[in-house]
>>> print(open('entry-v3.cif').read())   # mmCIF, C-alpha atoms
data_structure
#
loop_
_atom_site.label_atom_id
_atom_site.label_comp_id
_atom_site.auth_asym_id
_atom_site.auth_seq_id
_atom_site.Cartn_x
_atom_site.Cartn_y
_atom_site.Cartn_z
CA ASP A 4 0.00 0.00 0.00
CA GLY A 5 1.82 3.11 -1.23
CA GLY A 6 1.82 6.27 0.78
CA ILE A 7 3.34 8.60 3.30
CA THR A 8 3.50 7.77 6.98
CA GLN A 9 3.97 10.38 9.68
CA SER A 10 4.46 9.41 13.27
CA PRO A 11 3.41 10.02 15.89
CA LYS A 12 0.01 11.55 15.14
CA TYR A 13 0.11 13.55 18.40
CA LEU A 14 3.26 14.58 20.23
CA PHE A 15 3.70 16.42 23.48
CA ARG A 16 6.94 18.08 24.43
CA LYS A 17 8.18 19.87 27.46
CA GLU A 18 9.91 23.17 26.97
CA GLY A 19 13.63 22.76 26.38
CA GLN A 20 13.37 19.31 24.83
CA ASN A 21 14.25 18.31 21.30
CA VAL A 22 11.76 16.09 19.49
CA THR A 23 11.94 14.27 16.17
CA LEU A 24 9.00 13.84 13.83
CA SER A 25 9.11 10.90 11.46
CA CYS A 26 8.20 10.94 7.78
CA GLU A 27 8.49 7.77 5.69
CA GLN A 28 7.38 7.21 2.11
CA ASN A 29 7.22 4.20 -0.19
CA LEU A 30 6.20 6.13 -3.30
CA ASN A 31 9.77 6.19 -4.60
CA HIS A 32 9.57 9.97 -4.82
CA ASP A 33 12.78 11.97 -5.03
CA ALA A 34 11.71 15.19 -3.31
CA MET A 35 10.45 15.55 0.24
CA TYR A 36 9.20 18.58 2.16
CA TRP A 37 8.31 19.68 5.67
CA TYR A 38 5.64 22.30 6.31
CA ARG A 39 4.33 23.94 9.41
CA GLN A 40 0.65 24.87 9.59
CA ASP A 41 -0.79 27.36 12.05
CA PRO A 42 -4.43 28.48 12.14
CA GLY A 43 -5.10 31.14 9.53
CA GLN A 44 -1.55 31.08 8.17
CA GLY A 45 -1.64 28.32 5.60
CA LEU A 46 1.44 26.18 5.06
CA ARG A 47 4.95 27.48 5.56
CA LEU A 48 7.97 25.61 4.22
CA ILE A 49 10.55 24.54 6.80
CA TYR A 50 12.99 22.38 4.84
CA TYR A 51 13.02 20.46 1.59
CA SER A 52 15.18 17.84 -0.07
CA GLN A 53 15.33 17.01 -3.75
CA ILE A 54 17.82 14.14 -3.50
CA VAL A 55 19.38 11.95 -0.86
CA ASN A 56 22.09 13.58 1.26
CA ASP A 57 21.03 17.07 0.20
CA PHE A 58 18.49 19.50 1.64
CA GLN A 59 17.74 23.23 1.63
CA LYS A 60 16.26 25.63 4.12
CA GLY A 61 12.77 26.86 3.51
CA ASP A 62 11.18 30.06 4.73
CA ILE A 63 11.12 29.24 8.47
CA ALA A 64 14.08 26.89 9.10
CA GLU A 65 15.30 28.49 12.34
CA GLY A 66 14.98 26.09 15.26
CA TYR A 67 14.57 23.03 13.05
CA SER A 68 16.94 20.46 11.56
CA VAL A 69 16.57 17.60 9.08
CA SER A 70 18.50 14.75 7.52
CA ARG A 71 18.04 12.78 4.31
CA GLU A 72 20.18 9.68 4.59
CA LYS A 73 17.69 7.47 2.76
CA LYS A 74 15.33 8.17 -0.09
CA GLU A 75 12.40 6.89 1.96
CA SER A 76 12.95 8.94 5.10
CA PHE A 77 13.09 12.66 5.96
CA PRO A 78 12.91 13.16 9.74
CA LEU A 79 12.41 16.62 11.22
CA THR A 80 13.89 17.59 14.58
CA VAL A 81 12.30 20.44 16.46
CA THR A 82 14.99 21.84 18.71
CA SER A 83 14.73 23.83 21.91
CA ALA A 84 15.76 26.87 19.86
CA GLN A 85 12.32 26.92 18.20
CA LYS A 86 10.45 29.48 20.29
CA ASN A 87 6.91 28.54 19.45
CA PRO A 88 6.81 24.96 18.17
CA THR A 89 3.16 24.16 18.88
CA ALA A 90 1.69 23.56 15.42
CA PHE A 91 0.52 20.97 12.91
CA TYR A 92 3.41 19.57 10.87
CA LEU A 93 2.93 18.15 7.40
CA CYS A 94 5.34 16.09 5.36
CA ALA A 95 4.98 15.98 1.58
CA THR A 96 6.66 14.29 -1.35
CA MET A 97 6.96 14.98 -5.06
CA PRO A 98 8.01 12.52 -7.78
CA GLN A 99 10.78 14.87 -8.82
CA GLY A 100 11.47 18.41 -7.76
CA HIS A 101 9.83 19.94 -10.83
CA GLY A 102 7.21 22.63 -10.55
CA TYR A 103 4.63 20.87 -12.66
CA ASN A 104 4.40 17.95 -10.28
CA GLU A 105 1.85 17.89 -7.50
CA GLN A 106 2.77 17.24 -3.91
CA PHE A 107 1.51 14.25 -1.95
CA PHE A 108 0.87 14.87 1.72
CA GLY A 109 1.07 12.72 4.80
CA PRO A 110 -1.61 12.82 7.52
CA GLY A 111 0.36 15.19 9.74
CA THR A 112 1.72 15.33 13.29
CA ARG A 113 0.27 17.69 15.86
CA LEU A 114 2.96 18.91 18.24
CA THR A 115 2.03 20.55 21.52
CA VAL A 116 4.51 22.11 23.91
CA LEU A 117 3.49 21.81 27.53
CA ALA B 98 9.52 35.94 -5.17
CA GLN B 99 6.32 34.03 -5.69
CA SER B 100 3.21 34.69 -3.61
CA VAL B 101 -0.40 33.58 -3.40
CA THR B 102 -3.38 35.50 -2.06
CA GLN B 103 -6.70 33.97 -1.16
CA PRO B 104 -8.86 37.01 -0.35
CA ASP B 105 -11.68 35.11 1.34
CA ILE B 106 -10.84 33.62 4.73
CA HIS B 107 -14.25 32.05 5.19
CA ILE B 108 -17.14 31.41 2.78
CA THR B 109 -20.57 30.01 3.56
CA VAL B 110 -22.84 28.62 0.84
CA SER B 111 -26.06 26.66 0.86
CA GLU B 112 -26.02 23.06 -0.28
CA GLY B 113 -26.79 22.93 -4.01
CA ALA B 114 -25.59 26.49 -4.62
CA SER B 115 -22.63 27.35 -6.81
CA LEU B 116 -19.21 28.10 -5.40
CA GLU B 117 -16.26 30.23 -6.44
CA LEU B 118 -13.08 30.48 -4.38
CA ARG B 119 -10.65 33.17 -5.42
CA CYS B 120 -6.90 32.88 -5.84
CA ASN B 121 -4.45 35.49 -7.07
CA TYR B 122 -0.79 34.74 -7.59
CA SER B 123 2.44 36.58 -8.25
CA TYR B 124 5.18 34.80 -10.16
CA GLY B 125 7.67 35.99 -12.75
CA ALA B 126 7.41 33.11 -15.20
CA THR B 127 4.71 30.73 -16.35
CA PRO B 128 3.15 29.50 -13.12
CA TYR B 129 2.38 25.98 -12.08
CA LEU B 130 -0.86 26.33 -10.12
CA PHE B 131 -2.64 23.94 -7.82
CA TRP B 132 -5.73 23.68 -5.66
CA TYR B 133 -5.68 21.37 -2.64
CA VAL B 134 -8.38 20.49 -0.12
CA GLN B 135 -7.86 19.67 3.56
CA SER B 136 -10.31 18.10 5.99
CA PRO B 137 -9.79 18.92 9.68
CA GLY B 138 -6.72 17.27 11.18
CA GLN B 139 -5.66 15.66 7.93
CA GLY B 140 -3.20 16.16 5.11
CA LEU B 141 -3.92 17.93 1.85
CA GLN B 142 -5.37 16.29 -1.26
CA LEU B 143 -4.93 17.58 -4.79
CA LEU B 144 -8.10 18.81 -6.49
CA LEU B 145 -6.60 19.99 -9.77
CA LYS B 146 -3.57 21.59 -11.36
CA TYR B 147 -2.61 23.82 -14.26
CA PHE B 148 0.74 24.09 -15.98
CA SER B 149 0.01 24.64 -19.67
CA GLY B 150 -2.60 24.26 -22.38
CA ASP B 151 -6.31 24.73 -21.87
CA THR B 152 -6.93 27.44 -19.29
CA LEU B 153 -10.01 25.68 -17.92
CA VAL B 154 -8.97 22.61 -15.97
CA GLN B 155 -11.16 19.90 -14.53
CA GLY B 156 -10.46 18.21 -11.25
CA ILE B 157 -11.87 15.64 -8.91
CA LYS B 158 -15.19 15.87 -7.08
CA GLY B 159 -16.71 18.07 -9.80
CA PHE B 160 -14.36 21.02 -9.28
CA GLU B 161 -12.90 23.14 -12.05
CA ALA B 162 -10.60 26.14 -12.18
CA GLU B 163 -9.83 28.79 -14.77
CA PHE B 164 -6.38 30.27 -15.29
CA LYS B 165 -6.48 33.93 -16.32
CA ARG B 166 -3.01 35.25 -17.00
CA SER B 167 -4.19 38.85 -17.49
CA GLN B 168 -5.71 38.87 -14.01
CA SER B 169 -3.09 36.63 -12.35
CA SER B 170 -5.95 34.52 -11.08
CA PHE B 171 -6.77 30.86 -10.74
CA ASN B 172 -10.26 30.70 -9.25
CA LEU B 173 -11.85 27.43 -8.19
CA ARG B 174 -15.49 26.72 -9.04
CA LYS B 175 -18.14 24.11 -8.49
CA PRO B 176 -21.66 24.37 -9.93
CA SER B 177 -23.45 22.64 -7.05
CA VAL B 178 -21.95 22.24 -3.59
CA HIS B 179 -22.49 19.16 -1.47
CA TRP B 180 -22.31 19.05 2.33
CA SER B 181 -19.20 16.86 2.04
CA ASP B 182 -17.35 19.75 0.34
CA ALA B 183 -17.04 21.56 3.66
CA ALA B 184 -13.29 21.81 4.24
CA GLU B 185 -10.36 24.18 3.88
CA TYR B 186 -9.10 24.94 0.41
CA PHE B 187 -5.58 26.02 -0.50
CA CYS B 188 -4.25 27.53 -3.68
CA ALA B 189 -0.54 27.06 -4.41
CA VAL B 190 2.05 28.13 -6.97
CA THR B 191 5.18 26.09 -7.57
CA ALA B 192 8.49 27.21 -9.02
CA ASN B 193 10.60 25.13 -11.37
CA ALA B 194 12.67 23.71 -8.53
CA GLY B 195 9.57 22.27 -6.92
CA LYS B 196 9.33 24.83 -4.12
CA SER B 197 5.70 25.70 -3.44
CA THR B 198 4.06 28.74 -1.92
CA PHE B 199 0.60 28.31 -0.46
CA GLY B 200 -2.16 30.81 0.21
CA ASP B 201 -3.57 31.15 3.69
CA GLY B 202 -6.58 29.06 2.78
CA THR B 203 -10.33 29.54 2.53
CA THR B 204 -12.63 27.68 4.90
CA LEU B 205 -15.85 26.55 3.27
CA THR B 206 -18.98 26.02 5.34
CA VAL B 207 -22.00 24.40 3.68
CA LYS B 208 -25.46 25.19 5.04
CA PRO B 209 -28.14 22.51 4.76
#
>>> encode(input="entry-v3.cif", output="structure tokens")
Amino acid sequence: DGGITQSPKYLFRKEGQNVTLSCEQNLNHDAMYWYRQDPGQGLRLIYYSQIVNDFQKGDIAEGYSVSREKKESFPLTVTSAQKNPTAFYLCATMPQGHGYNEQFFGPGTRLTVL
Amino acid sequence: AQSVTQPDIHITVSEGASLELRCNYSYGATPYLFWYVQSPGQGLQLLLKYFSGDTLVQGIKGFEAEFKRSQSSFNLRKPSVHWSDAAEYFCAVTANAGKSTFGDGTTLTVKP
């Protein structure tokens, strides 16, 4: 069954802790993306990767880090440097990093800082 | 830099009525334009996309959108709304490198 898996669905973090959000795909897509969604603000790009072992900062990368060691996986770490991490996080993939391709989205992870 | 504006934050329509959601974009070259739909607490699903050719594109669930270069618009339409269409709708423009910019979304409420 092809698709994108994000885990966990809900995540609670204490202030000062780092947490890692998982994103796994078996669509064989080259490009992967992380977005943050806040109410009324749409989706904002955190990081993206077009090939393995390479990634670029998006519009709001401060306080986040990523890795792309495997084609299937693109984990996002929310560090303690991120001042307001409570949000809904979406992972997406694209067959190749070309503009005419649509993005495929995972179900999301809701992160809450306690 | 590319940008997308969805002027309507919230729209309410009666079931069976027609719908138009507005989207204006700013992009220096030929845009790749998309409409996505999101149900609460879920990921986004593609409704339709435009990248060349016929300016009127058909999508899933009976939606269509018209690309108007002169107005920098890509409005989404549906002739008759169903209660299941209630959701949040996002317009997006994507650059050649696959980097997308999304609008802030329009929430659709459907009255019985």
>>> residues_around(input="entry-v3.cif", residues="stretch 156-169 of chain B", least_positions_apart="4", cutoff="9 Å", atoms="only C-alpha atoms", output="tab-separated table (two decimals) with C-alpha atoms, in the frame of the given file")
chain	number	residue	atom	x	y	z
B	120	CYS	CA	-6.90	32.88	-5.84
B	121	ASN	CA	-4.45	35.49	-7.07
B	122	TYR	CA	-0.79	34.74	-7.59
B	123	SER	CA	2.44	36.58	-8.25
B	124	TYR	CA	5.18	34.80	-10.16
B	127	THR	CA	4.71	30.73	-16.35
B	130	LEU	CA	-0.86	26.33	-10.12
B	132	TRP	CA	-5.73	23.68	-5.66
B	143	LEU	CA	-4.93	17.58	-4.79
B	144	LEU	CA	-8.10	18.81	-6.49
B	145	LEU	CA	-6.60	19.99	-9.77
B	146	LYS	CA	-3.57	21.59	-11.36
B	147	TYR	CA	-2.61	23.82	-14.26
B	151	ASP	CA	-6.31	24.73	-21.87
B	152	THR	CA	-6.93	27.44	-19.29
B	173	LEU	CA	-11.85	27.43	-8.19
B	174	ARG	CA	-15.49	26.72	-9.04
B	175	LYS	CA	-18.14	24.11	-8.49
B	176	PRO	CA	-21.66	24.37	-9.93
B	177	SER	CA	-23.45	22.64	-7.05
B	182	ASP	CA	-17.35	19.75	0.34
>>> resolve_selection(input="entry-v3.cif", expression="the PyMOL selection byres ((chain A) within 9 of (chain B))", output="number ranges by chain")
A: 34, 36, 42-48, 51, 53, 61, 91, 93-95, 97, 99-113
>>> atom_distance(input="entry-v3.cif", atom1="atom CA of B:Pro104", atom2="atom CA of A:Tyr38")
21.7 Å
>>> atom_distance(input="entry-v3.cif", atom1="atom CA of A:Leu24", atom2="atom CA of A:Pro98")
21.7 Å
>>> atom_distance(input="entry-v3.cif", atom1="atom CA of A:Tyr13", atom2="atom CA of A:Ser76")
19.1 Å
>>> axis_aligned_box(input="entry-v3.cif", around="stretch 13-19 of chain A", padding_each_side="6 Å", output="lines of an AutoDock Vina configuration file")
center_x = 6.9
center_y = 18.4
center_z = 22.9
size_x = 25.5
size_y = 21.6
size_z = 21.1
>>> residues_around(input="entry-v3.cif", residues="A:Gln85", least_positions_apart="6", cutoff="10 Å", atoms="all atoms listed in the file", output="list in words")
Glu18, Gly19, Asn21, Ala64, Glu65, Gly66 and Tyr67 of chain A
>>> resolve_selection(input="entry-v3.cif", expression="the PyMOL selection byres ((chain B and resi 111) around 10)", output="PyMOL selection string")
chain B and resi 109-110+112-116+177-180+206-209
>>> decode(input="entry-v3.cif", residues="stretch 142-166 of chain B", atoms="N, CA, C and O atoms", output="PDB file, in the first residue's frame")
ATOM      1  N   GLN B 142      -5.120  17.119  -0.080  1.00  0.00           N
ATOM      2  CA  GLN B 142      -5.367  16.287  -1.257  1.00  0.00           C
ATOM      3  C   GLN B 142      -5.488  17.191  -2.477  1.00  0.00           C
ATOM      4  O   GLN B 142      -6.152  18.232  -2.423  1.00  0.00           O
ATOM      5  N   LEU B 143      -4.868  16.791  -3.566  1.00  0.00           N
ATOM      6  CA  LEU B 143      -4.926  17.579  -4.790  1.00  0.00           C
ATOM      7  C   LEU B 143      -6.317  17.535  -5.404  1.00  0.00           C
ATOM      8  O   LEU B 143      -6.902  16.469  -5.581  1.00  0.00           O
ATOM      9  N   LEU B 144      -6.845  18.730  -5.753  1.00  0.00           N
ATOM     10  CA  LEU B 144      -8.105  18.812  -6.490  1.00  0.00           C
ATOM     11  C   LEU B 144      -7.852  18.920  -7.994  1.00  0.00           C
ATOM     12  O   LEU B 144      -8.506  18.254  -8.791  1.00  0.00           O
ATOM     13  N   LEU B 145      -6.928  19.792  -8.368  1.00  0.00           N
ATOM     14  CA  LEU B 145      -6.599  19.991  -9.771  1.00  0.00           C
ATOM     15  C   LEU B 145      -5.331  20.813  -9.892  1.00  0.00           C
ATOM     16  O   LEU B 145      -4.862  21.386  -8.908  1.00  0.00           O
ATOM     17  N   LYS B 146      -4.798  20.843 -11.131  1.00  0.00           N
ATOM     18  CA  LYS B 146      -3.572  21.593 -11.358  1.00  0.00           C
ATOM     19  C   LYS B 146      -3.547  22.138 -12.779  1.00  0.00           C
ATOM     20  O   LYS B 146      -4.199  21.604 -13.683  1.00  0.00           O
ATOM     21  N   TYR B 147      -2.804  23.221 -12.954  1.00  0.00           N
ATOM     22  CA  TYR B 147      -2.606  23.819 -14.264  1.00  0.00           C
ATOM     23  C   TYR B 147      -1.123  24.072 -14.474  1.00  0.00           C
ATOM     24  O   TYR B 147      -0.450  24.651 -13.613  1.00  0.00           O
ATOM     25  N   PHE B 148      -0.616  23.670 -15.651  1.00  0.00           N
ATOM     26  CA  PHE B 148       0.742  24.094 -15.979  1.00  0.00           C
ATOM     27  C   PHE B 148       0.890  24.481 -17.443  1.00  0.00           C
ATOM     28  O   PHE B 148       1.890  25.077 -17.819  1.00  0.00           O
ATOM     29  N   SER B 149      -0.046  24.193 -18.284  1.00  0.00           N
ATOM     30  CA  SER B 149       0.006  24.638 -19.671  1.00  0.00           C
ATOM     31  C   SER B 149      -1.286  24.218 -20.362  1.00  0.00           C
ATOM     32  O   SER B 149      -2.079  23.459 -19.812  1.00  0.00           O
ATOM     33  N   GLY B 150      -1.473  24.732 -21.589  1.00  0.00           N
ATOM     34  CA  GLY B 150      -2.603  24.263 -22.380  1.00  0.00           C
ATOM     35  C   GLY B 150      -3.897  24.955 -22.051  1.00  0.00           C
ATOM     36  O   GLY B 150      -3.935  26.150 -21.711  1.00  0.00           O
ATOM     37  N   ASP B 151      -4.973  24.206 -22.109  1.00  0.00           N
ATOM     38  CA  ASP B 151      -6.308  24.733 -21.871  1.00  0.00           C
ATOM     39  C   ASP B 151      -6.380  25.435 -20.528  1.00  0.00           C
ATOM     40  O   ASP B 151      -5.983  24.881 -19.496  1.00  0.00           O
ATOM     41  N   THR B 152      -6.909  26.643 -20.525  1.00  0.00           N
ATOM     42  CA  THR B 152      -6.932  27.441 -19.292  1.00  0.00           C
ATOM     43  C   THR B 152      -8.044  27.027 -18.342  1.00  0.00           C
ATOM     44  O   THR B 152      -8.067  27.475 -17.199  1.00  0.00           O
ATOM     45  N   LEU B 153      -8.958  26.211 -18.796  1.00  0.00           N
ATOM     46  CA  LEU B 153     -10.006  25.681 -17.916  1.00  0.00           C
ATOM     47  C   LEU B 153      -9.653  24.228 -17.615  1.00  0.00           C
ATOM     48  O   LEU B 153      -9.611  23.385 -18.508  1.00  0.00           O
ATOM     49  N   VAL B 154      -9.391  23.954 -16.354  1.00  0.00           N
ATOM     50  CA  VAL B 154      -8.974  22.609 -15.975  1.00  0.00           C
ATOM     51  C   VAL B 154     -10.034  21.957 -15.094  1.00  0.00           C
ATOM     52  O   VAL B 154     -10.657  22.620 -14.261  1.00  0.00           O
ATOM     53  N   GLN B 155     -10.201  20.675 -15.310  1.00  0.00           N
ATOM     54  CA  GLN B 155     -11.160  19.901 -14.533  1.00  0.00           C
ATOM     55  C   GLN B 155     -10.431  19.096 -13.466  1.00  0.00           C
ATOM     56  O   GLN B 155      -9.314  18.630 -13.677  1.00  0.00           O
ATOM     57  N   GLY B 156     -11.069  18.964 -12.329  1.00  0.00           N
ATOM     58  CA  GLY B 156     -10.460  18.209 -11.251  1.00  0.00           C
ATOM     59  C   GLY B 156     -11.392  17.141 -10.717  1.00  0.00           C
ATOM     60  O   GLY B 156     -12.395  16.800 -11.329  1.00  0.00           O
ATOM     61  N   ILE B 157     -11.046  16.667  -9.542  1.00  0.00           N
ATOM     62  CA  ILE B 157     -11.867  15.638  -8.910  1.00  0.00           C
ATOM     63  C   ILE B 157     -13.052  16.265  -8.195  1.00  0.00           C
ATOM     64  O   ILE B 157     -13.084  17.487  -7.969  1.00  0.00           O
ATOM     65  N   LYS B 158     -14.023  15.457  -7.872  1.00  0.00           N
ATOM     66  CA  LYS B 158     -15.187  15.872  -7.081  1.00  0.00           C
ATOM     67  C   LYS B 158     -15.996  16.974  -7.752  1.00  0.00           C
ATOM     68  O   LYS B 158     -16.695  17.723  -7.070  1.00  0.00           O
ATOM     69  N   GLY B 159     -15.906  17.097  -9.073  1.00  0.00           N
ATOM     70  CA  GLY B 159     -16.713  18.071  -9.797  1.00  0.00           C
ATOM     71  C   GLY B 159     -16.176  19.490  -9.788  1.00  0.00           C
ATOM     72  O   GLY B 159     -16.858  20.419 -10.207  1.00  0.00           O
ATOM     73  N   PHE B 160     -14.965  19.695  -9.304  1.00  0.00           N
ATOM     74  CA  PHE B 160     -14.362  21.021  -9.277  1.00  0.00           C
ATOM     75  C   PHE B 160     -13.695  21.359 -10.607  1.00  0.00           C
ATOM     76  O   PHE B 160     -13.210  20.472 -11.310  1.00  0.00           O
ATOM     77  N   GLU B 161     -13.634  22.642 -10.904  1.00  0.00           N
ATOM     78  CA  GLU B 161     -12.896  23.138 -12.050  1.00  0.00           C
ATOM     79  C   GLU B 161     -12.251  24.470 -11.666  1.00  0.00           C
ATOM     80  O   GLU B 161     -12.647  25.115 -10.674  1.00  0.00           O
ATOM     81  N   ALA B 162     -11.245  24.863 -12.429  1.00  0.00           N
ATOM     82  CA  ALA B 162     -10.597  26.144 -12.175  1.00  0.00           C
ATOM     83  C   ALA B 162     -10.197  26.747 -13.501  1.00  0.00           C
ATOM     84  O   ALA B 162      -9.900  26.039 -14.472  1.00  0.00           O
ATOM     85  N   GLU B 163     -10.184  28.079 -13.555  1.00  0.00           N
ATOM     86  CA  GLU B 163      -9.828  28.786 -14.770  1.00  0.00           C
ATOM     87  C   GLU B 163      -8.615  29.653 -14.530  1.00  0.00           C
ATOM     88  O   GLU B 163      -8.597  30.469 -13.601  1.00  0.00           O
ATOM     89  N   PHE B 164      -7.598  29.468 -15.338  1.00  0.00           N
ATOM     90  CA  PHE B 164      -6.383  30.271 -15.287  1.00  0.00           C
ATOM     91  C   PHE B 164      -6.573  31.507 -16.166  1.00  0.00           C
ATOM     92  O   PHE B 164      -6.877  31.390 -17.359  1.00  0.00           O
ATOM     93  N   LYS B 165      -6.396  32.674 -15.571  1.00  0.00           N
ATOM     94  CA  LYS B 165      -6.481  33.934 -16.318  1.00  0.00           C
ATOM     95  C   LYS B 165      -5.178  34.688 -16.103  1.00  0.00           C
ATOM     96  O   LYS B 165      -4.970  35.327 -15.061  1.00  0.00           O
ATOM     97  N   ARG B 166      -4.332  34.632 -17.113  1.00  0.00           N
ATOM     98  CA  ARG B 166      -3.013  35.254 -16.997  1.00  0.00           C
ATOM     99  C   ARG B 166      -3.140  36.767 -16.809  1.00  0.00           C
ATOM    100  O   ARG B 166      -2.420  37.364 -16.015  1.00  0.00           O
TER     101      ARG B 166
END
